[in-house]
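Participant: Right, I'll just put the structure down here and ask away after.
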Amino acid sequence: GINVLSTITFTALPDGINAFSPNNHTVRIVDAVGGDETVLITAVVGTTIIAYTTLLHTGSNWSVRSATGGIQEAIYAQLAASTPAIIYIPTGLYYAYGTLYTTGLLGNHIVLRGMGQIATRYHRHSSFTTGNLIEWTSASSGNLTIENFTITNCDGTFNNTSGSGLYINTTSASKVYIINMNISGGYNVATTLGNGIVEFRDCTLTIPYGYSYTTTHNLILGNYYYIVTNCFVNNIAQNVAGVAAINVINADGCFIQNCFIACYIGLLITPKPTDIFNFLYIDNNLFDTIGQFAIWFKDHADGVPGTYYEMVRISNNQITQTPIISAPSDSSGICIYNNIRNLSIIGNQIKGWAFAGVNISPVSGAPKNMLIDSNVIGDNIS
């Protein structure tokens, strides 16, 4: 029916449509007459699924297919057998018409493993304009590993208007490992939230030419514990104010190490309004082709003081400005606009900045316990 809850009855349920499916499983209705659409399964009763449809499908003109290249069904088929879901994704190009839910259930571990970044590609279809491409929302202790393939959060020059290529919200002590992945895209490339541990290792996170960047960041880090290591994080939007390669909105024992980082802002670090921002380690990275700030500790809410940062180490980085546009007059390698305590800036090479190599100008409060030592700074310290 049109704009109603519809029932679809099978002779036998396809593998992977089961008790895990309601509200966490999209399927594709392909109809040469009534039109194609992607629908969310809301219930499974016997051999019947119930879903909200917006188009009219009648006769023998239509069929039900996977909206995720069969990956969603493979995950749920293994979870139904109470086994860890280890999914091997063969070589090929797979189009996504709806969100792929890798929800942590029953403490199970889910592994999505491709055949390589060039061989296995998971691509947002142009009809899938809103919502996350791959989503992990874990309220249990289940873990997730995603490795060895490419996620493209766009389709040609088409930009989705919302949704990350990879969205992770760990509401329990789960662990998520993102290894040897190429994630690129239209809108936000990857977003993490919650209390678990997230590690990005040996990944490429990019936004290429030809896309709009107004609200786009490559990587948004909002969970408590994360590790970003050996990653290439490049956003070609060096001329769009406020856009960051990595937007850090939370930290409590976190590492960003051995990465190449380029954008208008390299690291945008925003204080939490009600809690201390603890233990952030930024080591051995190359910041280059930066428009304004390589590392920006922002004041809260554009001038309203937030809580302070504590236990921050910035060491052994090369922080260079070689912008593709005219740099703003306040451009600095390291810019600290909020109160900070126990800060170490050691062994960095900082050069080429219009205003200062290091600019420490907190909106309120005086910095405490700072160590700035053994750096090669080709610009002034403010």
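Residues are named by chain letter and number: chains run A, B, ... in the order of the structure tokens, numbers start at 1 in each chain, and ligands are numbered from 1 in the order shown.
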Write out as an MDAnalysis selection string the residues lying within 9 Å of stretch 160-169 of chain A, counting only C-alpha atoms and excluding same-chain residues fewer than 3 positions away.
Facilitator: chainID A and resid 124 126 128:139 151:155 176 183:196 198 222:223
Participant: Include C-alpha atoms and write out the residues we just selected as a short mmCIF file (atom, residue, chain, number, x, y, z; two decimals), in the first residue's frame.
Facilitator:
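Result went into again_12.cif, see below:
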```cif
data_model
loop_
_atom_site.label_atom_id
_atom_site.label_comp_id
_atom_site.auth_asym_id
_atom_site.auth_seq_id
_atom_site.Cartn_x
_atom_site.Cartn_y
_atom_site.Cartn_z
CA ARG A 124 26.33 4.81 -1.17
CA SER A 126 22.45 8.23 -5.11
CA PHE A 128 20.16 6.93 -0.41
CA THR A 129 20.33 10.62 0.49
CA THR A 130 20.03 10.71 4.31
CA GLY A 131 21.17 8.53 7.17
CA ASN A 132 24.39 6.76 8.09
CA LEU A 133 25.95 4.35 5.65
CA ILE A 134 27.24 1.88 8.27
CA GLU A 135 26.06 2.20 11.86
CA TRP A 136 27.21 0.54 15.09
CA THR A 137 25.14 1.31 18.17
CA SER A 138 26.15 -1.08 20.91
CA ALA A 139 24.35 -1.29 24.24
CA ILE A 151 33.61 2.79 2.04
CA THR A 152 32.43 5.62 -0.23
CA ASN A 153 29.89 7.86 1.46
CA CYS A 154 28.72 9.50 -1.76
CA ASP A 155 27.97 8.69 -5.39
CA VAL A 176 35.66 -1.13 17.71
CA ILE A 183 36.70 5.83 3.88
CA SER A 184 35.79 8.84 1.78
CA GLY A 185 32.85 10.95 1.23
CA GLY A 186 30.40 13.60 0.75
CA TYR A 187 29.25 14.37 4.28
CA ASN A 188 31.04 13.43 7.53
CA VAL A 189 33.37 10.55 6.77
CA ALA A 190 33.36 8.90 10.23
CA THR A 191 31.82 9.76 13.62
CA THR A 192 32.44 8.14 17.01
CA LEU A 193 30.47 8.65 20.24
CA GLY A 194 30.00 6.85 23.54
CA ASN A 195 32.08 5.14 26.22
CA GLY A 196 33.87 2.32 24.43
CA VAL A 198 37.64 2.93 19.07
CA GLY A 222 33.29 12.00 20.47
CA ASN A 223 33.85 8.80 22.43
#
```
Participant: Can I get the residues of stretch 341-364 of chain A within 12 Å of stretch 280-283 of chain A, each with the closest pair of atoms and their distance in Å to one decimal, using only C-alpha atoms, sorted chain first then ascending number, as a Markdown table?
Facilitator:
```
| residue | atom | partner | partner_atom | distance |
| --- | --- | --- | --- | --- |
| A:Arg341 | CA | A:Leu280 | CA | 11.9 |
| A:Asn342 | CA | A:Leu280 | CA | 11.0 |
| A:Leu343 | CA | A:Leu280 | CA | 9.9 |
| A:Ser344 | CA | A:Tyr281 | CA | 9.6 |
| A:Ile345 | CA | A:Ile282 | CA | 9.6 |
| A:Ile346 | CA | A:Asp283 | CA | 9.6 |
| A:Gly347 | CA | A:Asp283 | CA | 9.7 |
| A:Asn348 | CA | A:Asp283 | CA | 9.1 |
| A:Gln349 | CA | A:Asp283 | CA | 11.9 |
```
Participant: Let's have the selection written as a compact mmCIF listing (two decimals), in the first residue's frame, with all heavy atoms.
Facilitator:
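So the final result, stored in again.txt, reads:
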```txt
# COMPACT_ATOMS: atom_id res chain seq x y z
N ARG A 341 45.83 23.00 31.46
CA ARG A 341 46.72 22.67 32.56
C ARG A 341 47.54 21.44 32.19
O ARG A 341 47.05 20.53 31.54
CB ARG A 341 45.92 22.39 33.83
CG ARG A 341 45.01 23.55 34.26
CD ARG A 341 44.18 23.20 35.48
NE ARG A 341 43.26 24.28 35.81
CZ ARG A 341 42.40 24.23 36.83
NH1 ARG A 341 42.36 23.17 37.62
NH2 ARG A 341 41.58 25.25 37.07
N ASN A 342 48.79 21.43 32.63
CA ASN A 342 49.67 20.29 32.39
C ASN A 342 49.82 20.04 30.89
O ASN A 342 49.44 19.00 30.36
CB ASN A 342 49.15 19.04 33.10
CG ASN A 342 49.03 19.23 34.60
OD1 ASN A 342 49.96 19.73 35.24
ND2 ASN A 342 47.88 18.88 35.16
N LEU A 343 50.38 21.02 30.22
CA LEU A 343 50.58 20.99 28.78
C LEU A 343 52.07 20.83 28.48
O LEU A 343 52.91 21.55 29.02
CB LEU A 343 50.07 22.29 28.14
CG LEU A 343 50.48 22.56 26.70
CD1 LEU A 343 49.83 21.55 25.75
CD2 LEU A 343 50.12 23.99 26.30
N SER A 344 52.40 19.88 27.60
CA SER A 344 53.77 19.69 27.15
C SER A 344 53.81 19.84 25.63
O SER A 344 53.06 19.16 24.92
CB SER A 344 54.29 18.30 27.53
OG SER A 344 54.29 18.13 28.93
N ILE A 345 54.65 20.76 25.14
CA ILE A 345 54.91 20.91 23.71
C ILE A 345 56.40 20.67 23.53
O ILE A 345 57.23 21.52 23.85
CB ILE A 345 54.49 22.30 23.22
CG1 ILE A 345 53.00 22.55 23.50
CG2 ILE A 345 54.77 22.46 21.73
CD1 ILE A 345 52.53 23.96 23.14
N ILE A 346 56.77 19.50 23.02
CA ILE A 346 58.15 19.06 23.04
C ILE A 346 58.56 18.49 21.69
O ILE A 346 57.85 17.66 21.10
CB ILE A 346 58.36 17.96 24.12
CG1 ILE A 346 57.92 18.47 25.50
CG2 ILE A 346 59.81 17.50 24.16
CD1 ILE A 346 57.94 17.40 26.56
N GLY A 347 59.70 18.94 21.18
CA GLY A 347 60.32 18.31 20.03
C GLY A 347 59.60 18.46 18.72
O GLY A 347 59.76 17.63 17.82
N ASN A 348 58.82 19.53 18.55
CA ASN A 348 58.09 19.75 17.30
C ASN A 348 58.87 20.68 16.38
O ASN A 348 59.65 21.53 16.83
CB ASN A 348 56.72 20.37 17.61
CG ASN A 348 55.89 19.50 18.53
OD1 ASN A 348 55.30 18.52 18.10
ND2 ASN A 348 55.83 19.87 19.81
N GLN A 349 58.62 20.55 15.09
CA GLN A 349 59.10 21.51 14.11
C GLN A 349 57.91 22.29 13.60
O GLN A 349 56.99 21.74 13.01
CB GLN A 349 59.82 20.81 12.95
CG GLN A 349 60.39 21.79 11.93
CD GLN A 349 61.19 21.11 10.84
OE1 GLN A 349 61.45 19.93 10.92
NE2 GLN A 349 61.58 21.87 9.83
```
Participant: Could you please determine the separation between atom CA of A:Asn258 and atom CA of A:Leu286 in Å, to one decimal place?
Facilitator: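 Between atom CA of A:Asn258 and atom CA of A:Leu286 the gap works out to 7.5 Å.
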Participant: Find the residues around A:Phe20 up to 8 Å (only C-alpha atoms counted), leave out those fewer than 4 positions away in its own chain, and share them as a list in words.
Facilitator: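 Result of the neighbour search: Asn24, Tyr76 and Ala80 of chain A.
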Participant: Quick check, in Å to one decimal: how far apart do atom CA of A:Val33 and atom CA of A:Asp15 lie?
Facilitator: 27.1 Å
Participant: Identify, on the basis of only C-alpha atoms, every residue whose closest approach to stretch 54-63 of chain A does not exceed 9 Å; exclude the query and any residue fewer than 5 positions from it along the same chain; express the result as a list of chain:residue names.
Facilitator: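 The contact residues come out as A:Gly1, A:Ile2, A:Asn3, A:Val4, A:Arg28, A:Ile29, A:Val30, A:Asp31, A:Ala32, A:Val33, A:Gly34, A:Gly35, A:Asp36, A:Glu37, A:Val39.
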Participant: For A:Phe287, which of A:Gln318, A:Asn148, A:Asn247, A:Thr53 is the closest residue, counting only C-alpha atoms?
Facilitator: A:Gln318
Participant: What is the distance, in Å and to one decimal place, between atom CA of A:Asn250 and atom CA of A:Pro367?
Facilitator: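 Result for atom CA of A:Asn250 versus atom CA of A:Pro367: 20.0 Å, one decimal.
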